[in-house]
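Participant: Take a look at this one; I'll ask things after.
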Amino acid sequence: MEKYVVTISRQFGAMGRTIAQSMAKTLGIEFYDRDIVEETAKRMNLPVSEISDEEERATGFFAEKRYPLGMGSASMQQEIFQIQSNIIRDIASKESCILVGRCSDYCLKDMDRVLNVYIYASTEQRIDNCMTKLGMDEKTARKMVKDVDKARESYRIKYCSGVTGVLDHRDICIDSGKFGIEGTANILCNIIKSLMWE
């Protein structure tokens with residue numbers, strides 16, 4: 001079996017991480033998400049919490065409050081993005097795997113045998129997922145869906161040269177609200193199998 005990589009980008013609350021975990025189990029390959037943060041911390045000799053905080057600042061959650069004049073940790077955020085890009089490429093060069101978030105699709109844009117997936121759902125479906133599956137109250141869910149989506153797209157446009165829209169570097173867009181978690185995972189696994197990547 002030849003090596004292949006699946007990248008998963010997702011709207012907040014569309015259950016992309018859960019779908020990726022299900023796919024990894026079905027396909028018998030590794031799944032990477034927070035592991036990338038942990039490896040970044042190791043390479044930079046910093047606590048994982050500091051890397052996580054800087055990622056959040058880079059998306060805009062804390063930047064306005066902490067650095068009102070646009071000063072501060074921009075150089076560290078750029079370094080984190082570069083190191084994470086290197087980690088993503090290192091992982092992808094060694095094994096078949098699923099990579100969640102962190103602009104993996106862009107980082108691997110010049111690599112063969114990569115399937116880039118974008119998982120979305122209606123706003124109401126995502127709010128429902130946040131409440132029923134993630135334990136949020138409705139007010140928090142509505143705010144998170146709006147804020148996280150905006151932050152992720154801003155981050156992507158900031159660090160991915162030439163990216164202007166949600167479809168750039170993405171091969172498949174799928175509505176997890178229509179097919180459900182397992183249904184979406186099964187559809188994507190069947191596509192991978194049809195490509196003879198298994």
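Labels used: A, B, ... for chains in the order of the structure tokens, numbers from 1 for residues in each chain, and numbers from 1 for ligands as shown.
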Residues at most 12 Å from Ala41 of chain A, counting only C-alpha atoms, excluding those fewer than 2 positions away in the same chain, as a list in words?

Facilitator: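 Here the answer would be Arg34, Asp35, Ile36, Val37, Glu38, Glu39, Arg43, Met44, Asn45, Leu46, Pro47, Val48, Ser49, Glu50, Ile51, Ser52, Asp53, Glu54, Glu55, Glu79, Ile80, Phe81, Ile83, Gln84 and Ile87 of chain A.
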
Participant: Produce a file of the selected residues containing N, CA, C and O atoms, as an mmCIF file, in the first residue's frame.

Facilitator:
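Saved result, selection08.cif, follows:
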```cif
data_model
loop_
_atom_site.group_PDB
_atom_site.id
_atom_site.type_symbol
_atom_site.label_atom_id
_atom_site.label_comp_id
_atom_site.auth_asym_id
_atom_site.auth_seq_id
_atom_site.Cartn_x
_atom_site.Cartn_y
_atom_site.Cartn_z
ATOM 1 N N ARG A 34 -3.707 17.619 18.311
ATOM 2 C CA ARG A 34 -2.961 18.238 19.411
ATOM 3 C C ARG A 34 -1.512 17.756 19.477
ATOM 4 O O ARG A 34 -0.655 18.437 20.037
ATOM 5 N N ASP A 35 -1.245 16.606 18.884
ATOM 6 C CA ASP A 35 0.133 16.085 18.855
ATOM 7 C C ASP A 35 1.076 17.093 18.192
ATOM 8 O O ASP A 35 2.250 17.183 18.542
ATOM 9 N N ILE A 36 0.541 17.842 17.225
ATOM 10 C CA ILE A 36 1.352 18.826 16.516
ATOM 11 C C ILE A 36 1.746 19.963 17.451
ATOM 12 O O ILE A 36 2.876 20.458 17.417
ATOM 13 N N VAL A 37 0.823 20.356 18.327
ATOM 14 C CA VAL A 37 1.125 21.389 19.318
ATOM 15 C C VAL A 37 2.189 20.892 20.289
ATOM 16 O O VAL A 37 3.130 21.624 20.629
ATOM 17 N N GLU A 38 2.040 19.650 20.722
ATOM 18 C CA GLU A 38 3.003 19.077 21.664
ATOM 19 C C GLU A 38 4.400 19.004 21.054
ATOM 20 O O GLU A 38 5.403 19.318 21.709
ATOM 21 N N GLU A 39 4.487 18.612 19.793
ATOM 22 C CA GLU A 39 5.791 18.527 19.128
ATOM 23 C C GLU A 39 6.376 19.918 18.897
ATOM 24 O O GLU A 39 7.588 20.120 19.010
ATOM 25 N N ARG A 43 10.026 21.212 20.202
ATOM 26 C CA ARG A 43 11.059 21.773 19.329
ATOM 27 C C ARG A 43 11.448 23.190 19.738
ATOM 28 O O ARG A 43 12.591 23.606 19.534
ATOM 29 N N MET A 44 10.493 23.916 20.322
ATOM 30 C CA MET A 44 10.780 25.295 20.740
ATOM 31 C C MET A 44 11.206 25.384 22.203
ATOM 32 O O MET A 44 11.501 26.460 22.704
ATOM 33 N N ASN A 45 11.208 24.228 22.883
ATOM 34 C CA ASN A 45 11.566 24.174 24.311
ATOM 35 C C ASN A 45 10.691 25.123 25.138
ATOM 36 O O ASN A 45 11.183 25.891 25.966
ATOM 37 N N LEU A 46 9.386 25.047 24.888
ATOM 38 C CA LEU A 46 8.412 25.873 25.589
ATOM 39 C C LEU A 46 7.282 24.994 26.122
ATOM 40 O O LEU A 46 7.053 23.897 25.605
ATOM 41 N N PRO A 47 6.543 25.456 27.122
ATOM 42 C CA PRO A 47 5.390 24.696 27.604
ATOM 43 C C PRO A 47 4.300 24.626 26.538
ATOM 44 O O PRO A 47 4.122 25.572 25.759
ATOM 45 N N VAL A 48 3.566 23.520 26.513
ATOM 46 C CA VAL A 48 2.457 23.361 25.572
ATOM 47 C C VAL A 48 1.453 24.493 25.738
ATOM 48 O O VAL A 48 0.909 25.016 24.758
ATOM 49 N N SER A 49 1.214 24.925 26.980
ATOM 50 C CA SER A 49 0.245 25.993 27.242
ATOM 51 C C SER A 49 0.641 27.289 26.546
ATOM 52 O O SER A 49 -0.219 28.037 26.060
ATOM 53 N N GLU A 50 1.944 27.563 26.470
ATOM 54 C CA GLU A 50 2.392 28.793 25.820
ATOM 55 C C GLU A 50 2.160 28.740 24.311
ATOM 56 O O GLU A 50 1.760 29.731 23.695
ATOM 57 N N ILE A 51 2.399 27.573 23.719
ATOM 58 C CA ILE A 51 2.138 27.407 22.282
ATOM 59 C C ILE A 51 0.648 27.575 22.003
ATOM 60 O O ILE A 51 0.242 28.260 21.058
ATOM 61 N N SER A 52 -0.178 26.977 22.842
ATOM 62 C CA SER A 52 -1.631 27.092 22.669
ATOM 63 C C SER A 52 -2.088 28.536 22.788
ATOM 64 O O SER A 52 -2.921 29.013 22.008
ATOM 65 N N ASP A 53 -1.533 29.258 23.768
ATOM 66 C CA ASP A 53 -1.889 30.669 23.946
ATOM 67 C C ASP A 53 -1.499 31.496 22.726
ATOM 68 O O ASP A 53 -2.253 32.352 22.270
ATOM 69 N N GLU A 54 -0.318 31.232 22.192
ATOM 70 C CA GLU A 54 0.140 31.982 21.021
ATOM 71 C C GLU A 54 -0.718 31.672 19.798
ATOM 72 O O GLU A 54 -0.996 32.553 18.981
ATOM 73 N N GLU A 55 -1.144 30.414 19.661
ATOM 74 C CA GLU A 55 -2.038 30.063 18.560
ATOM 75 C C GLU A 55 -3.336 30.854 18.651
ATOM 76 O O GLU A 55 -3.851 31.360 17.659
ATOM 77 N N GLU A 79 6.927 32.104 13.812
ATOM 78 C CA GLU A 79 7.840 30.981 14.065
ATOM 79 C C GLU A 79 7.062 29.703 14.356
ATOM 80 O O GLU A 79 7.413 28.632 13.868
ATOM 81 N N ILE A 80 5.998 29.821 15.152
ATOM 82 C CA ILE A 80 5.162 28.659 15.456
ATOM 83 C C ILE A 80 4.553 28.090 14.184
ATOM 84 O O ILE A 80 4.568 26.875 13.958
ATOM 85 N N PHE A 81 4.027 28.977 13.324
ATOM 86 C CA PHE A 81 3.433 28.500 12.071
ATOM 87 C C PHE A 81 4.476 27.768 11.232
ATOM 88 O O PHE A 81 4.195 26.702 10.672
ATOM 89 N N ILE A 83 7.285 26.254 12.231
ATOM 90 C CA ILE A 83 7.657 24.983 12.862
ATOM 91 C C ILE A 83 6.540 23.953 12.686
ATOM 92 O O ILE A 83 6.803 22.787 12.369
ATOM 93 N N GLN A 84 5.298 24.379 12.872
ATOM 94 C CA GLN A 84 4.184 23.452 12.684
ATOM 95 C C GLN A 84 4.106 22.968 11.244
ATOM 96 O O GLN A 84 3.820 21.794 10.992
ATOM 97 N N ILE A 87 6.635 20.297 10.912
ATOM 98 C CA ILE A 87 6.174 19.072 11.575
ATOM 99 C C ILE A 87 5.156 18.344 10.699
ATOM 100 O O ILE A 87 5.226 17.118 10.520
#
```

Participant: When DSSP works through the backbone of this structure, what residues of chain A end up as strand (DSSP E), shown as a list of chain:residue names?

Facilitator: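 After running DSSP on the backbone, chain A has strand (DSSP E) at A:Val5, A:Val6, A:Thr7, A:Ile8, A:Ser9, A:Arg10, A:Glu30, A:Phe31, A:Tyr32, A:Cys97, A:Ile98, A:Leu99, A:Val100, A:Val114, A:Leu115, A:Asn116, A:Val117, A:Tyr118, A:Ile119, A:Tyr120, A:Ile172, A:Cys173, A:Ile174, A:Asp175.
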
Participant: Between atom CA of Cys189 of chain A and atom CA of Val145 of chain A, measure the distance and give it in Å to one decimal.

Facilitator: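 Atom CA of Cys189 of chain A sits 26.6 Å away from atom CA of Val145 of chain A.
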
Participant: Considering only C-alpha atoms, return as a ChimeraX atom specification whatever protein or nucleic-acid residues lie within 9 Å of Arg113 of chain A, sequence-local ones (same chain, fewer than 4 positions apart) excluded.

Facilitator: /A:2-6,197

Participant: Kindly save the residues from that selection, with all heavy atoms included, as a PDB file, in the first residue's frame.

Facilitator:
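Okay, this is what ended up in part_39.pdb:
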```pdb
ATOM      1  N   GLU A   2       0.594   2.152  -0.915  1.00  0.00           N
ATOM      2  CA  GLU A   2       1.361   3.391  -0.970  1.00  0.00           C
ATOM      3  C   GLU A   2       0.859   4.380   0.080  1.00  0.00           C
ATOM      4  O   GLU A   2      -0.304   4.394   0.441  1.00  0.00           O
ATOM      5  CB  GLU A   2       1.246   4.001  -2.357  1.00  0.00           C
ATOM      6  CG  GLU A   2       1.957   3.182  -3.435  1.00  0.00           C
ATOM      7  CD  GLU A   2       1.992   3.938  -4.745  1.00  0.00           C
ATOM      8  OE1 GLU A   2       2.507   5.068  -4.767  1.00  0.00           O
ATOM      9  OE2 GLU A   2       1.499   3.400  -5.736  1.00  0.00           O
ATOM     10  N   LYS A   3       1.761   5.205   0.517  1.00  0.00           N
ATOM     11  CA  LYS A   3       1.444   6.195   1.547  1.00  0.00           C
ATOM     12  C   LYS A   3       0.525   7.274   0.984  1.00  0.00           C
ATOM     13  O   LYS A   3       0.636   7.679  -0.164  1.00  0.00           O
ATOM     14  CB  LYS A   3       2.749   6.812   2.039  1.00  0.00           C
ATOM     15  CG  LYS A   3       2.589   7.907   3.087  1.00  0.00           C
ATOM     16  CD  LYS A   3       3.937   8.409   3.546  1.00  0.00           C
ATOM     17  CE  LYS A   3       4.725   9.025   2.428  1.00  0.00           C
ATOM     18  NZ  LYS A   3       4.063  10.217   1.844  1.00  0.00           N
ATOM     19  N   TYR A   4      -0.400   7.752   1.835  1.00  0.00           N
ATOM     20  CA  TYR A   4      -1.282   8.852   1.471  1.00  0.00           C
ATOM     21  C   TYR A   4      -1.598   9.664   2.721  1.00  0.00           C
ATOM     22  O   TYR A   4      -1.397   9.210   3.846  1.00  0.00           O
ATOM     23  CB  TYR A   4      -2.583   8.345   0.823  1.00  0.00           C
ATOM     24  CG  TYR A   4      -3.441   7.515   1.758  1.00  0.00           C
ATOM     25  CD1 TYR A   4      -4.431   8.111   2.550  1.00  0.00           C
ATOM     26  CD2 TYR A   4      -3.265   6.135   1.845  1.00  0.00           C
ATOM     27  CE1 TYR A   4      -5.213   7.348   3.408  1.00  0.00           C
ATOM     28  CE2 TYR A   4      -4.046   5.375   2.694  1.00  0.00           C
ATOM     29  CZ  TYR A   4      -5.016   5.976   3.474  1.00  0.00           C
ATOM     30  OH  TYR A   4      -5.783   5.225   4.324  1.00  0.00           O
ATOM     31  N   VAL A   5      -2.097  10.876   2.503  1.00  0.00           N
ATOM     32  CA  VAL A   5      -2.424  11.772   3.612  1.00  0.00           C
ATOM     33  C   VAL A   5      -3.797  12.392   3.363  1.00  0.00           C
ATOM     34  O   VAL A   5      -4.121  12.761   2.229  1.00  0.00           O
ATOM     35  CB  VAL A   5      -1.365  12.892   3.758  1.00  0.00           C
ATOM     36  CG1 VAL A   5      -1.753  13.864   4.870  1.00  0.00           C
ATOM     37  CG2 VAL A   5       0.011  12.299   4.025  1.00  0.00           C
ATOM     38  N   VAL A   6      -4.584  12.500   4.420  1.00  0.00           N
ATOM     39  CA  VAL A   6      -5.860  13.213   4.365  1.00  0.00           C
ATOM     40  C   VAL A   6      -5.758  14.406   5.308  1.00  0.00           C
ATOM     41  O   VAL A   6      -5.347  14.250   6.463  1.00  0.00           O
ATOM     42  CB  VAL A   6      -7.037  12.310   4.805  1.00  0.00           C
ATOM     43  CG1 VAL A   6      -8.353  13.087   4.738  1.00  0.00           C
ATOM     44  CG2 VAL A   6      -7.099  11.048   3.953  1.00  0.00           C
ATOM     45  N   TRP A 197      -6.023   4.072  -2.465  1.00  0.00           N
ATOM     46  CA  TRP A 197      -5.007   4.487  -1.497  1.00  0.00           C
ATOM     47  C   TRP A 197      -4.948   3.555  -0.313  1.00  0.00           C
ATOM     48  O   TRP A 197      -4.251   3.816   0.643  1.00  0.00           O
ATOM     49  CB  TRP A 197      -5.305   5.894  -1.019  1.00  0.00           C
ATOM     50  CG  TRP A 197      -4.997   6.932  -2.050  1.00  0.00           C
ATOM     51  CD1 TRP A 197      -4.448   6.719  -3.287  1.00  0.00           C
ATOM     52  CD2 TRP A 197      -5.223   8.332  -1.943  1.00  0.00           C
ATOM     53  NE1 TRP A 197      -4.322   7.911  -3.953  1.00  0.00           N
ATOM     54  CE2 TRP A 197      -4.784   8.912  -3.154  1.00  0.00           C
ATOM     55  CE3 TRP A 197      -5.739   9.145  -0.958  1.00  0.00           C
ATOM     56  CZ2 TRP A 197      -4.855  10.271  -3.390  1.00  0.00           C
ATOM     57  CZ3 TRP A 197      -5.806  10.506  -1.194  1.00  0.00           C
ATOM     58  CH2 TRP A 197      -5.369  11.060  -2.400  1.00  0.00           C
TER      59      TRP A 197
END
```

Participant: Which residue out of A:Cys130, A:Cys107, A:Ile29, A:Ile119 has the minimum interatomic distance to Phe179 of chain A when only C-alpha atoms are used?

Facilitator: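 Among A:Cys130, A:Cys107, A:Ile29, A:Ile119, it is A:Ile119 that comes nearest to Phe179 of chain A.
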
Participant: One decimal, in Å: what's the spacing between atom CA of Ser96 of chain A and atom CA of Met15 of chain A?

Facilitator: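 If I compute the distance from atom CA of Ser96 of chain A to atom CA of Met15 of chain A, I get 21.8 Å.
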